[in-house]
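Coordinates from query_2.cif are shown below (mmCIF, C-alpha atoms and all ligand atoms).
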data_upload
loop_
_atom_site.label_atom_id
_atom_site.label_comp_id
_atom_site.auth_asym_id
_atom_site.auth_seq_id
_atom_site.Cartn_x
_atom_site.Cartn_y
_atom_site.Cartn_z
CA MET A 368 -3.80 -208.52 45.03
CA ARG A 369 -4.90 -205.01 44.12
CA ARG A 370 -2.14 -202.52 43.56
CA ILE A 371 -2.82 -199.37 45.60
CA SER A 372 -1.12 -195.97 45.89
CA VAL A 373 -2.01 -193.28 48.40
CA PHE A 374 -1.10 -189.68 47.60
CA GLY A 375 -1.32 -187.56 50.74
CA ALA A 376 -0.97 -190.64 52.97
CA THR A 377 0.04 -188.62 56.04
CA GLY A 378 -3.10 -186.46 55.99
CA SER A 379 -6.50 -187.06 57.49
CA ILE A 380 -7.93 -188.81 54.39
CA GLY A 381 -4.67 -190.68 53.76
CA GLN A 382 -4.61 -192.07 57.31
CA SER A 383 -8.24 -193.18 57.08
CA THR A 384 -7.46 -194.89 53.76
CA LEU A 385 -4.53 -196.77 55.29
CA ASP A 386 -6.68 -197.69 58.27
CA LEU A 387 -9.02 -199.55 55.87
CA ILE A 388 -6.20 -201.08 53.84
CA GLY A 389 -4.40 -202.19 57.01
CA ARG A 390 -7.45 -204.26 58.00
CA ALA A 391 -6.96 -206.53 54.97
CA PRO A 392 -3.22 -206.38 54.26
CA ASP A 393 -3.23 -209.59 52.21
CA SER A 394 -5.64 -208.07 49.69
CA TYR A 395 -3.41 -205.16 48.70
CA HIS A 396 0.03 -204.50 47.32
CA VAL A 397 0.96 -200.91 48.19
CA VAL A 398 2.87 -199.28 45.35
CA ALA A 399 3.49 -195.73 46.58
CA LEU A 400 2.84 -193.67 49.70
CA THR A 401 3.41 -189.92 49.63
CA GLY A 402 3.48 -187.18 52.22
CA GLY A 403 4.72 -183.67 52.73
CA ARG A 404 6.44 -182.52 55.90
CA ASN A 405 5.49 -185.30 58.31
CA ILE A 406 8.43 -187.61 57.68
CA ALA A 407 8.08 -189.55 60.94
CA LEU A 408 4.54 -190.59 60.07
CA LEU A 409 5.35 -191.33 56.42
CA ALA A 410 8.21 -193.61 57.48
CA GLU A 411 6.03 -195.33 60.07
CA GLN A 412 3.31 -195.90 57.44
CA ALA A 413 5.88 -197.17 54.96
CA ARG A 414 7.32 -199.66 57.44
CA GLN A 415 3.81 -200.95 58.17
CA HIS A 416 2.42 -201.08 54.61
CA ARG A 417 5.65 -201.91 52.72
CA PRO A 418 5.22 -199.76 49.58
CA GLU A 419 7.69 -199.95 46.70
CA ILE A 420 8.41 -196.23 47.18
CA ALA A 421 7.79 -193.49 49.75
CA VAL A 422 7.86 -189.92 48.50
CA THR A 423 7.97 -186.63 50.36
CA ALA A 424 6.90 -183.55 48.42
CA ASP A 425 9.64 -181.57 50.19
CA PRO A 426 13.14 -182.09 48.70
CA ASP A 427 14.75 -180.68 51.89
CA ARG A 428 13.41 -183.67 53.82
CA LEU A 429 14.75 -186.42 51.59
CA THR A 430 17.72 -187.16 53.86
CA ASP A 431 15.41 -187.46 56.86
CA LEU A 432 13.17 -189.85 54.92
CA ARG A 433 16.13 -191.93 53.76
CA ASP A 434 17.45 -192.12 57.34
CA ALA A 435 14.04 -193.09 58.67
CA LEU A 436 13.72 -195.89 56.09
CA ALA A 437 17.30 -197.14 56.35
CA GLY A 438 17.48 -200.94 56.17
CA SER A 439 13.83 -201.31 55.15
CA GLY A 440 14.52 -201.84 51.43
CA ILE A 441 11.88 -199.20 50.63
CA GLU A 442 12.90 -196.66 48.01
CA ALA A 443 12.78 -193.01 49.15
CA ALA A 444 12.35 -190.01 46.86
CA ALA A 445 11.39 -186.34 47.07
CA GLY A 446 9.97 -183.42 45.14
CA GLU A 447 7.30 -182.78 42.54
CA GLY A 448 9.05 -184.89 39.88
CA ALA A 449 9.19 -187.85 42.25
CA LEU A 450 5.46 -187.51 42.98
CA ILE A 451 4.75 -187.64 39.25
CA GLU A 452 7.07 -190.61 38.81
CA ALA A 453 5.28 -192.43 41.64
CA ALA A 454 1.95 -191.73 39.92
CA THR A 455 3.32 -193.30 36.74
CA ARG A 456 3.90 -196.65 38.49
CA PRO A 457 1.11 -199.06 37.55
CA ALA A 458 -1.60 -199.19 40.20
CA ASP A 459 -5.22 -200.34 40.05
CA TRP A 460 -6.55 -197.87 42.60
CA VAL A 461 -5.03 -194.54 43.56
CA MET A 462 -6.17 -192.31 46.40
CA SER A 463 -5.80 -188.62 45.54
CA ALA A 464 -5.64 -186.98 48.97
CA ILE A 465 -2.97 -184.31 48.64
CA VAL A 466 -4.41 -180.99 49.78
CA GLY A 467 -4.71 -178.15 47.26
CA ALA A 468 -3.80 -177.68 43.61
CA ALA A 469 -0.61 -179.73 44.18
CA GLY A 470 -2.84 -182.81 43.85
CA LEU A 471 -3.69 -182.12 40.22
CA ALA A 472 -0.55 -183.28 38.39
CA PRO A 473 -0.20 -186.67 40.17
CA GLY A 474 -3.94 -187.30 39.74
CA LEU A 475 -3.77 -186.64 36.01
CA ARG A 476 -0.73 -188.87 35.68
CA ALA A 477 -2.47 -191.72 37.51
CA LEU A 478 -5.45 -191.35 35.16
CA GLU A 479 -3.09 -191.54 32.18
CA GLN A 480 -2.04 -194.98 33.46
CA GLY A 481 -5.69 -196.11 33.36
CA ALA A 482 -6.00 -196.27 37.16
CA THR A 483 -9.19 -195.84 39.14
CA LEU A 484 -8.69 -192.53 40.92
CA ALA A 485 -10.45 -192.15 44.25
CA LEU A 486 -10.76 -188.39 44.34
CA ALA A 487 -10.68 -186.62 47.69
CA ASN A 488 -8.69 -183.73 46.19
CA LYS A 489 -11.68 -181.63 45.12
CA GLU A 490 -9.35 -178.81 44.08
CA SER A 491 -8.24 -180.72 40.98
CA MET A 492 -11.86 -181.23 39.87
CA VAL A 493 -12.61 -177.53 40.44
CA ALA A 494 -9.49 -176.31 38.63
CA ALA A 495 -9.39 -178.85 35.80
CA GLY A 496 -12.48 -181.08 35.88
CA LYS A 497 -12.70 -181.16 32.12
CA LEU A 498 -9.10 -182.40 31.79
CA MET A 499 -9.55 -185.00 34.52
CA LEU A 500 -12.65 -186.45 32.87
CA GLN A 501 -10.99 -186.38 29.43
CA LYS A 502 -7.95 -188.27 30.75
CA ALA A 503 -10.14 -190.86 32.44
CA SER A 504 -12.16 -191.54 29.31
CA LYS A 505 -9.15 -191.52 26.98
CA HIS A 506 -7.05 -193.96 29.00
CA GLY A 507 -9.80 -196.25 30.32
CA GLY A 508 -9.46 -194.97 33.88
CA ARG A 509 -12.25 -193.93 36.20
CA ILE A 510 -12.76 -191.26 38.82
CA LEU A 511 -14.72 -192.17 41.94
CA PRO A 512 -15.76 -189.37 44.30
CA VAL A 513 -14.51 -189.49 47.88
CA ASP A 514 -15.82 -186.17 49.10
CA SER A 515 -18.70 -187.38 51.30
CA GLU A 516 -21.27 -185.22 49.50
CA HIS A 517 -20.26 -186.43 46.05
CA SER A 518 -20.03 -190.02 47.18
CA ALA A 519 -23.58 -189.53 48.50
CA VAL A 520 -24.80 -188.13 45.15
CA PHE A 521 -23.03 -190.96 43.31
CA GLN A 522 -24.76 -193.51 45.53
CA ALA A 523 -28.18 -191.82 45.17
CA LEU A 524 -27.77 -192.00 41.38
CA ILE A 525 -27.11 -195.74 41.20
CA GLY A 526 -29.65 -197.40 38.91
CA GLU A 527 -31.25 -194.06 38.03
CA ASN A 528 -31.40 -192.09 34.80
CA ILE A 529 -29.46 -188.81 35.09
CA ALA A 530 -32.04 -187.23 32.75
CA SER A 531 -34.66 -187.67 35.53
CA VAL A 532 -32.64 -185.59 37.99
CA GLU A 533 -34.23 -182.21 38.75
CA ARG A 534 -31.83 -181.00 41.41
CA VAL A 535 -29.00 -181.94 43.70
CA ILE A 536 -28.84 -180.66 47.27
CA ILE A 537 -25.44 -180.61 48.92
CA THR A 538 -25.60 -180.25 52.69
CA ALA A 539 -23.20 -178.17 54.78
CA SER A 540 -22.47 -178.38 58.47
CA GLY A 541 -22.15 -174.58 58.60
CA GLY A 542 -18.64 -174.87 60.05
CA ALA A 543 -17.17 -173.44 63.22
CA PHE A 544 -19.07 -170.12 63.09
CA ARG A 545 -22.53 -171.20 62.06
CA ASP A 546 -24.01 -169.85 65.33
CA TRP A 547 -21.79 -166.77 65.68
CA PRO A 548 -23.35 -163.34 65.26
CA LEU A 549 -22.36 -161.94 61.85
CA GLU A 550 -20.62 -158.90 63.33
CA LYS A 551 -18.16 -161.13 65.24
CA LEU A 552 -16.92 -162.98 62.13
CA ALA A 553 -14.47 -160.28 61.00
CA ALA A 554 -12.40 -160.85 64.16
CA ALA A 555 -12.36 -164.69 63.97
CA THR A 556 -8.88 -166.21 64.34
CA PRO A 557 -7.33 -169.17 62.45
CA GLU A 558 -7.43 -171.22 65.66
CA GLN A 559 -11.16 -170.61 66.09
CA ALA A 560 -11.84 -171.37 62.42
CA ALA A 561 -9.86 -174.63 62.56
CA THR A 562 -12.25 -176.29 65.02
CA HIS A 563 -14.98 -178.24 63.24
CA PRO A 564 -18.20 -179.05 65.10
CA ASN A 565 -18.70 -182.50 63.44
CA TRP A 566 -15.82 -183.68 61.26
CA ASP A 567 -12.18 -184.39 62.07
CA MET A 568 -10.29 -183.10 59.01
CA GLY A 569 -7.08 -181.36 57.94
CA GLN A 570 -6.55 -177.73 58.98
CA ARG A 571 -7.15 -176.12 55.57
CA ILE A 572 -10.43 -177.87 54.76
CA THR A 573 -11.67 -177.20 58.29
CA ILE A 574 -11.13 -173.45 57.86
CA ASP A 575 -12.67 -173.68 54.38
CA SER A 576 -15.71 -175.26 56.06
CA ALA A 577 -16.06 -172.27 58.40
CA SER A 578 -15.94 -169.84 55.46
CA MET A 579 -17.93 -172.23 53.22
CA PHE A 580 -15.22 -172.01 50.59
CA ASN A 581 -15.21 -175.77 51.00
CA LYS A 582 -18.91 -175.90 50.07
CA ALA A 583 -18.26 -173.47 47.22
CA LEU A 584 -15.64 -175.88 45.85
CA GLU A 585 -18.10 -178.72 46.28
CA LEU A 586 -20.84 -176.94 44.30
CA ILE A 587 -18.41 -176.51 41.42
CA GLU A 588 -17.22 -180.11 41.87
CA THR A 589 -20.87 -181.26 41.59
CA ARG A 590 -21.24 -179.39 38.32
CA GLU A 591 -18.02 -180.88 36.93
CA PHE A 592 -18.48 -184.41 38.20
CA PHE A 593 -22.13 -185.02 37.37
CA GLY A 594 -22.77 -182.38 34.70
CA ILE A 595 -25.67 -180.87 36.70
CA SER A 596 -26.64 -177.33 35.65
CA PRO A 597 -25.64 -174.69 38.20
CA GLU A 598 -29.26 -173.55 38.72
CA ASN A 599 -30.14 -177.12 39.78
CA ILE A 600 -27.45 -177.36 42.48
CA GLU A 601 -28.47 -176.15 45.92
CA THR A 602 -26.96 -176.15 49.37
CA VAL A 603 -28.58 -176.13 52.81
CA VAL A 604 -27.02 -175.95 56.25
CA HIS A 605 -27.63 -179.22 58.09
CA PRO A 606 -25.88 -178.92 61.46
CA GLU A 607 -26.02 -182.66 62.31
CA SER A 608 -23.97 -183.66 59.19
CA LEU A 609 -25.85 -186.94 58.85
CA ILE A 610 -27.48 -186.38 55.46
CA HIS A 611 -24.58 -185.73 53.10
CA ALA A 612 -26.50 -184.95 49.92
CA LEU A 613 -29.90 -185.46 48.31
CA VAL A 614 -30.85 -186.04 44.71
CA GLY A 615 -34.28 -184.77 43.63
CA TYR A 616 -36.03 -186.59 40.78
CA ASN A 617 -38.73 -185.42 38.37
CA ASP A 618 -41.45 -187.37 40.22
CA GLY A 619 -40.81 -185.32 43.36
CA ALA A 620 -38.80 -188.01 45.17
CA LEU A 621 -35.74 -186.90 47.12
CA MET A 622 -33.16 -189.66 47.63
CA ALA A 623 -31.03 -188.83 50.66
CA HIS A 624 -27.79 -190.45 51.66
CA VAL A 625 -27.64 -190.76 55.45
CA GLY A 626 -24.57 -191.90 57.36
CA PRO A 627 -22.23 -191.06 60.23
CA PRO A 628 -19.71 -188.23 59.74
CA ASP A 629 -16.83 -190.66 59.16
CA MET A 630 -14.83 -190.39 55.94
CA ARG A 631 -14.07 -194.10 56.04
CA HIS A 632 -17.55 -194.67 54.64
CA ALA A 633 -16.91 -192.70 51.42
CA ILE A 634 -13.32 -193.98 51.17
CA GLY A 635 -14.43 -197.58 51.72
CA PHE A 636 -17.25 -197.22 49.21
CA ALA A 637 -14.73 -196.04 46.58
CA LEU A 638 -12.27 -198.78 47.60
CA HIS A 639 -14.75 -201.64 47.21
CA TRP A 640 -16.94 -200.20 44.41
CA PRO A 641 -18.90 -201.63 42.62
CA GLU A 642 -19.46 -203.93 45.62
CA ARG A 643 -20.52 -202.85 49.07
CA ARG A 644 -18.51 -204.43 51.87
CA SER A 645 -18.73 -204.18 55.62
CA LEU A 646 -16.99 -201.07 56.97
CA PRO A 647 -15.89 -200.23 60.53
CA VAL A 648 -18.15 -197.18 60.86
CA GLU A 649 -20.84 -196.39 63.42
CA ARG A 650 -24.37 -197.63 62.67
CA LEU A 651 -26.79 -194.76 63.26
CA ASP A 652 -29.51 -195.09 65.87
CA LEU A 653 -32.28 -192.92 64.44
CA THR A 654 -34.37 -192.79 67.60
CA ALA A 655 -31.32 -191.61 69.57
CA ILE A 656 -30.78 -188.88 66.95
CA GLY A 657 -34.44 -187.88 67.22
CA SER A 658 -34.58 -185.07 64.68
CA LEU A 659 -32.65 -183.50 61.85
CA SER A 660 -32.57 -179.79 61.11
CA PHE A 661 -31.96 -177.61 58.06
CA ARG A 662 -31.27 -173.90 57.62
CA VAL A 663 -30.81 -171.52 54.73
CA ALA A 664 -27.15 -171.05 53.73
CA CYS A 665 -27.19 -167.27 53.35
CA ASP A 666 -24.81 -165.38 51.07
CA GLN A 667 -24.22 -162.65 53.65
CA ARG A 668 -22.68 -165.08 56.11
CA TYR A 669 -21.14 -167.23 53.38
CA PRO A 670 -20.17 -164.99 50.40
CA ALA A 671 -18.11 -167.87 48.97
CA LEU A 672 -21.37 -169.48 47.80
CA ARG A 673 -22.27 -166.47 45.64
CA LEU A 674 -18.76 -166.54 44.16
CA ALA A 675 -19.11 -170.26 43.34
CA ARG A 676 -22.32 -169.54 41.43
CA GLU A 677 -20.51 -166.80 39.47
CA VAL A 678 -17.70 -169.23 38.66
CA MET A 679 -20.17 -171.87 37.44
CA ARG A 680 -21.93 -169.27 35.28
CA GLU A 681 -18.62 -168.02 33.84
CA GLY A 682 -17.20 -171.50 33.15
CA GLY A 683 -13.93 -171.82 31.20
CA LEU A 684 -10.87 -171.67 33.43
CA SER A 685 -12.53 -169.61 36.17
CA GLY A 686 -12.48 -172.65 38.50
CA ALA A 687 -8.66 -172.68 38.37
CA VAL A 688 -8.59 -168.96 39.21
CA PHE A 689 -11.14 -169.37 42.00
CA ASN A 690 -9.27 -172.25 43.61
CA ALA A 691 -5.83 -170.62 43.44
CA ALA A 692 -7.12 -167.27 44.73
CA LYS A 693 -8.87 -169.09 47.57
CA GLU A 694 -5.69 -170.99 48.50
CA GLN A 695 -3.69 -167.75 48.52
CA ALA A 696 -6.34 -165.90 50.55
CA LEU A 697 -6.32 -168.75 53.07
CA ASP A 698 -2.52 -168.47 53.34
CA GLY A 699 -3.01 -164.73 54.01
CA PHE A 700 -5.54 -165.49 56.75
CA LEU A 701 -3.30 -168.15 58.31
CA ALA A 702 -0.41 -165.64 58.29
CA ARG A 703 -2.78 -163.11 59.96
CA GLN A 704 -2.30 -160.66 57.09
CA ILE A 705 -6.05 -160.48 56.44
CA GLY A 706 -9.19 -161.17 58.42
CA PHE A 707 -11.59 -164.10 58.09
CA MET A 708 -14.20 -162.14 56.12
CA ASP A 709 -11.53 -160.54 53.90
CA MET A 710 -10.87 -163.87 52.16
CA ALA A 711 -14.01 -163.67 50.01
CA GLY A 712 -13.23 -160.07 49.05
CA ILE A 713 -9.75 -161.07 47.89
CA VAL A 714 -11.11 -163.95 45.79
CA GLU A 715 -13.79 -161.69 44.28
CA ASP A 716 -11.17 -159.04 43.38
CA VAL A 717 -8.98 -161.69 41.70
CA LEU A 718 -11.90 -163.13 39.73
CA SER A 719 -13.01 -159.75 38.44
CA GLU A 720 -9.46 -158.58 37.67
CA ILE A 721 -8.60 -161.68 35.65
CA SER A 722 -12.04 -161.93 33.96
CA ALA A 723 -11.62 -158.35 32.74
CA ARG A 724 -8.43 -159.26 30.88
CA PRO A 725 -9.39 -160.72 27.52
CA GLY A 726 -8.14 -164.16 26.52
CA HIS A 727 -7.54 -165.58 30.00
CA ILE A 728 -10.66 -167.24 31.43
CA HIS A 729 -11.85 -168.57 28.08
CA ALA A 730 -8.45 -169.68 26.78
CA GLU A 731 -8.15 -173.27 25.56
CA PHE A 732 -8.62 -175.84 28.37
CA THR A 733 -5.08 -177.25 28.62
CA LEU A 734 -2.92 -178.14 31.63
CA ASP A 735 -0.50 -175.34 30.68
CA ASN A 736 -3.32 -172.81 30.73
CA VAL A 737 -4.66 -174.16 34.04
CA ASN A 738 -1.18 -173.78 35.55
CA ARG A 739 -0.68 -170.34 33.98
CA LEU A 740 -3.96 -169.08 35.44
CA ASP A 741 -3.21 -170.70 38.79
CA HIS A 742 0.04 -168.70 38.98
CA LEU A 743 -1.59 -165.51 37.74
CA ALA A 744 -4.40 -165.84 40.31
CA ARG A 745 -1.91 -166.40 43.15
CA ASP A 746 0.14 -163.34 42.11
CA THR A 747 -3.01 -161.23 41.76
CA ALA A 748 -4.23 -162.42 45.18
CA ARG A 749 -0.88 -161.55 46.77
CA GLY A 750 -1.17 -158.04 45.27
CA ALA A 751 -4.74 -157.67 46.58
CA ILE A 752 -3.67 -158.85 50.05
CA LYS A 753 -0.81 -156.35 50.10
CA ARG A 754 -3.10 -153.49 49.06
CA LEU A 755 -5.56 -154.46 51.80
CA MET A 756 -2.80 -154.60 54.41
CA ASP A 757 -1.48 -151.19 53.27
CA ARG A 758 -4.98 -149.72 53.58
CA LYS A 759 -5.39 -151.13 57.09
CA ASN A 760 -1.99 -149.86 58.33
P1 LIG B 801 -4.47 -182.89 55.35
O1 LIG B 801 -3.97 -181.50 55.48
O2 LIG B 801 -4.82 -183.64 56.56
O3 LIG B 801 -3.43 -183.77 54.50
C1 LIG B 801 -2.90 -183.29 53.29
C2 LIG B 801 -1.90 -184.26 52.72
O4 LIG B 801 -1.22 -183.63 51.61
C3 LIG B 801 -0.78 -184.64 53.69
O5 LIG B 801 -0.32 -185.92 53.37
C4 LIG B 801 0.28 -183.59 53.39
O6 LIG B 801 1.57 -184.00 53.85
C5 LIG B 801 0.21 -183.56 51.89
N1 LIG B 801 0.68 -182.31 51.30
C6 LIG B 801 0.54 -181.06 51.78
N2 LIG B 801 1.06 -180.16 50.91
C7 LIG B 801 1.54 -180.88 49.86
C8 LIG B 801 2.19 -180.53 48.63
N3 LIG B 801 2.46 -179.25 48.30
N4 LIG B 801 2.56 -181.51 47.78
C9 LIG B 801 2.30 -182.82 48.09
N5 LIG B 801 1.70 -183.21 49.24
C10 LIG B 801 1.30 -182.24 50.11
O7 LIG B 801 -5.73 -182.79 54.36
P2 LIG B 801 -7.02 -183.70 54.33
O8 LIG B 801 -6.66 -185.14 54.40
O9 LIG B 801 -8.04 -183.16 55.25
O10 LIG B 801 -7.56 -183.38 52.86
C11 LIG B 801 -6.93 -183.92 51.71
C12 LIG B 801 -7.79 -183.61 50.50
O11 LIG B 801 -9.04 -184.26 50.67
C13 LIG B 801 -8.13 -182.12 50.32
O12 LIG B 801 -8.24 -181.83 48.98
C14 LIG B 801 -9.50 -181.99 51.00
O13 LIG B 801 -10.25 -180.93 50.47
C15 LIG B 801 -10.12 -183.33 50.63
N6 LIG B 801 -11.15 -183.79 51.54
C16 LIG B 801 -10.87 -184.00 52.85
C17 LIG B 801 -11.86 -184.45 53.72
C18 LIG B 801 -11.55 -184.74 55.16
O14 LIG B 801 -12.43 -185.24 55.86
N7 LIG B 801 -10.36 -184.52 55.65
C19 LIG B 801 -13.23 -184.64 53.26
C20 LIG B 801 -13.40 -184.46 51.84
C21 LIG B 801 -12.41 -184.04 51.02
P3 LIG B 801 2.12 -183.65 55.35
O15 LIG B 801 0.94 -183.69 56.26
O16 LIG B 801 3.11 -184.76 55.57
O17 LIG B 801 2.76 -182.30 55.27
#
Starting from the file, give its structure as structure tokens.
Amino acid sequence: MRRISVFGATGSIGQSTLDLIGRAPDSYHVVALTGGRNIALLAEQARQHRPEIAVTADPDRLTDLRDALAGSGIEAAAGEGALIEAATRPADWVMSAIVGAAGLAPGLRALEQGATLALANKESMVAAGKLMLQKASKHGGRILPVDSEHSAVFQALIGENIASVERVIITASGGAFRDWPLEKLAAATPEQAATHPNWDMGQRITIDSASMFNKALELIETREFFGISPENIETVVHPESLIHALVGYNDGALMAHVGPPDMRHAIGFALHWPERRSLPVERLDLTAIGSLSFRVACDQRYPALRLAREVMREGGLSGAVFNAAKEQALDGFLARQIGFMDMAGIVEDVLSEISARPGHIHAEFTLDNVNRLDHLARDTARGAIKRLMDRKN
């Protein structure tokens, strides 16, 4: 039986992961399930999948979790320390599906145990890709991409020589506002941004898809994961979301990964790798689809893409700054303190403010420095948001 843990079990990726695991319960021993605020769902999942431990990230909800698991014999725990402890428990395969930078520490800890880490949490690769890869190689672990685009690149690279790769093209749906006139974007609300045309995902990544901060993270993730030079990573808007990525080789061939917009494909691929097994996803009918379309992803509509290229050029710890500033700007947008198009301006201000201070971005690549810059970027972003609000009032 494979030992499995799911971090972020109550989220969209976590639920899809448990859907696959639940179809073959005799094949898996569930070690840990973790969630945040959704205690009812975490307890329901725990009662179904019988983990050794269920952890909520929120210490104020521990009593609720204990009550909900009473009599089940399943251990309940809460808080950041408990998440780390759960990641220390031996597991063969660990799903990293916490949203945001909070996913970094448990992911690193799982890699230190030599686990295979199925990585949905792109933020940890953006903020600390170098550390993640170092941990995996030092402790005999492995990181498998779960982001659909990176799973697609991974699959298009199988059996190929990375030295023959000329370029990687990451596709983007264009998000909720891809057909909106530019001048309307400034007034877009969180509710409007949280409606995705093709994918059913968590609230934060859906809004990041509308702003293309999600794609910006993915461009950086591509650089970190596969070591592709920034100038060889492209993105195009592909409204149908059926081609997830393409790898271009030096003989002119483009290998495309085509599949339905269902995360259970990428999750299942990582779960069964290196084998391919049957998955409960739709089989595409190409004649019913008829045609596929592509558009330029322009920087004016999606300034996050330009910022991602700057971050890749700058290197060092700028990914940690970029991710933290983006998370804080998104909080500001969700709290209606700033507008949709203000988010990129805030992130740009934070990047230039911190880059201008010597010794920060190019400090040694350690977890302490990643965390220090994460905090600094959040503080700087809060200051920039406040200044913007003061100017508007
Ligand atoms: P969701 O918002 O649906 O779920 C997030 C999960 O993280 C939930 O279990 C949530 O708990 C938990 N969580 C939230 N905050 C914290 C915290 N501070 N500490 C610990 N746990 C926390 O997100 P998604 O499933 O959509 O995304 C998860 C990750 O996967 C993200 O990094 C995203 O970018 C990535 N991803 C998602 C895709 C998708 O299709 N959804 C596609 C590709 C990548 P609770 O809900 O109980 O509060």
Counting all atoms listed in the file, the option among A:Glu550, A:His632, A:Asp434, A:Ile595 closest to ligand LIG 801 (chain B): A:His632
Could you list, as a VMD selection string, all the residues within 8 Å of ligand LIG 801 (chain B), counting only C-alpha atoms and all ligand atoms? chain A and resid 374 to 382 401 to 406 408 to 409 423 to 425 447 450 463 to 470 486 to 490 513 to 515 566 to 573 581 629 to 630
Put those residues in a file: C-alpha atoms, as a PDB file, keeping the file's coordinate frame.
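As a result, out24.pdb now contains:
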ATOM      1  CA  PHE A 374      -1.100-189.680  47.600  1.00  0.00           C
ATOM      2  CA  GLY A 375      -1.320-187.560  50.740  1.00  0.00           C
ATOM      3  CA  ALA A 376      -0.970-190.640  52.970  1.00  0.00           C
ATOM      4  CA  THR A 377       0.040-188.620  56.040  1.00  0.00           C
ATOM      5  CA  GLY A 378      -3.100-186.460  55.990  1.00  0.00           C
ATOM      6  CA  SER A 379      -6.500-187.060  57.490  1.00  0.00           C
ATOM      7  CA  ILE A 380      -7.930-188.810  54.390  1.00  0.00           C
ATOM      8  CA  GLY A 381      -4.670-190.680  53.760  1.00  0.00           C
ATOM      9  CA  GLN A 382      -4.610-192.070  57.310  1.00  0.00           C
ATOM     10  CA  THR A 401       3.410-189.920  49.630  1.00  0.00           C
ATOM     11  CA  GLY A 402       3.480-187.180  52.220  1.00  0.00           C
ATOM     12  CA  GLY A 403       4.720-183.670  52.730  1.00  0.00           C
ATOM     13  CA  ARG A 404       6.440-182.520  55.900  1.00  0.00           C
ATOM     14  CA  ASN A 405       5.490-185.300  58.310  1.00  0.00           C
ATOM     15  CA  ILE A 406       8.430-187.610  57.680  1.00  0.00           C
ATOM     16  CA  LEU A 408       4.540-190.590  60.070  1.00  0.00           C
ATOM     17  CA  LEU A 409       5.350-191.330  56.420  1.00  0.00           C
ATOM     18  CA  THR A 423       7.970-186.630  50.360  1.00  0.00           C
ATOM     19  CA  ALA A 424       6.900-183.550  48.420  1.00  0.00           C
ATOM     20  CA  ASP A 425       9.640-181.570  50.190  1.00  0.00           C
ATOM     21  CA  GLU A 447       7.300-182.780  42.540  1.00  0.00           C
ATOM     22  CA  LEU A 450       5.460-187.510  42.980  1.00  0.00           C
ATOM     23  CA  SER A 463      -5.800-188.620  45.540  1.00  0.00           C
ATOM     24  CA  ALA A 464      -5.640-186.980  48.970  1.00  0.00           C
ATOM     25  CA  ILE A 465      -2.970-184.310  48.640  1.00  0.00           C
ATOM     26  CA  VAL A 466      -4.410-180.990  49.780  1.00  0.00           C
ATOM     27  CA  GLY A 467      -4.710-178.150  47.260  1.00  0.00           C
ATOM     28  CA  ALA A 468      -3.800-177.680  43.610  1.00  0.00           C
ATOM     29  CA  ALA A 469      -0.610-179.730  44.180  1.00  0.00           C
ATOM     30  CA  GLY A 470      -2.840-182.810  43.850  1.00  0.00           C
ATOM     31  CA  LEU A 486     -10.760-188.390  44.340  1.00  0.00           C
ATOM     32  CA  ALA A 487     -10.680-186.620  47.690  1.00  0.00           C
ATOM     33  CA  ASN A 488      -8.690-183.730  46.190  1.00  0.00           C
ATOM     34  CA  LYS A 489     -11.680-181.630  45.120  1.00  0.00           C
ATOM     35  CA  GLU A 490      -9.350-178.810  44.080  1.00  0.00           C
ATOM     36  CA  VAL A 513     -14.510-189.490  47.880  1.00  0.00           C
ATOM     37  CA  ASP A 514     -15.820-186.170  49.100  1.00  0.00           C
ATOM     38  CA  SER A 515     -18.700-187.380  51.300  1.00  0.00           C
ATOM     39  CA  TRP A 566     -15.820-183.680  61.260  1.00  0.00           C
ATOM     40  CA  ASP A 567     -12.180-184.390  62.070  1.00  0.00           C
ATOM     41  CA  MET A 568     -10.290-183.100  59.010  1.00  0.00           C
ATOM     42  CA  GLY A 569      -7.080-181.360  57.940  1.00  0.00           C
ATOM     43  CA  GLN A 570      -6.550-177.730  58.980  1.00  0.00           C
ATOM     44  CA  ARG A 571      -7.150-176.120  55.570  1.00  0.00           C
ATOM     45  CA  ILE A 572     -10.430-177.870  54.760  1.00  0.00           C
ATOM     46  CA  THR A 573     -11.670-177.200  58.290  1.00  0.00           C
ATOM     47  CA  ASN A 581     -15.210-175.770  51.000  1.00  0.00           C
ATOM     48  CA  ASP A 629     -16.830-190.660  59.160  1.00  0.00           C
ATOM     49  CA  MET A 630     -14.830-190.390  55.940  1.00  0.00           C
TER      50      MET A 630
END
Find, counting all atoms listed in the file, the residue in A:Glu607, A:Glu591, A:Glu720, A:Glu598 that gets nearest to A:Lys497. A:Glu591
Around (-14.6, -170.0, 50.4) in the file's frame, which residues reach within 8 Å when counting all atoms listed in the file? Return as a list of chain:residue names? A:Asp575, A:Ser576, A:Ser578, A:Met579, A:Phe580, A:Asn581, A:Lys582, A:Ala583, A:Leu584, A:Tyr669, A:Pro670, A:Ala671, A:Leu672, A:Lys693, A:Met710, A:Ala711
State, in Å with one decimal place, the distance from atom CA of A:Ala633 to atom CA of A:Ser394. 19.1 Å
Can you pull out every residue within 7 Å of A:Ala577, counting all atoms listed in the file, but drop anything in the same chain fewer than 3 positions away, and send it as a list in words?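 Once the nearby chain positions are removed, what remains is Gly541, Gly542, Ala543, Phe544, Ala560, Thr573 and Ile574 of chain A.
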Mind pulling up the distance from atom CA of A:Leu621 to atom CA of A:Ala523?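 That distance, rounded to one decimal, is 9.2 Å.
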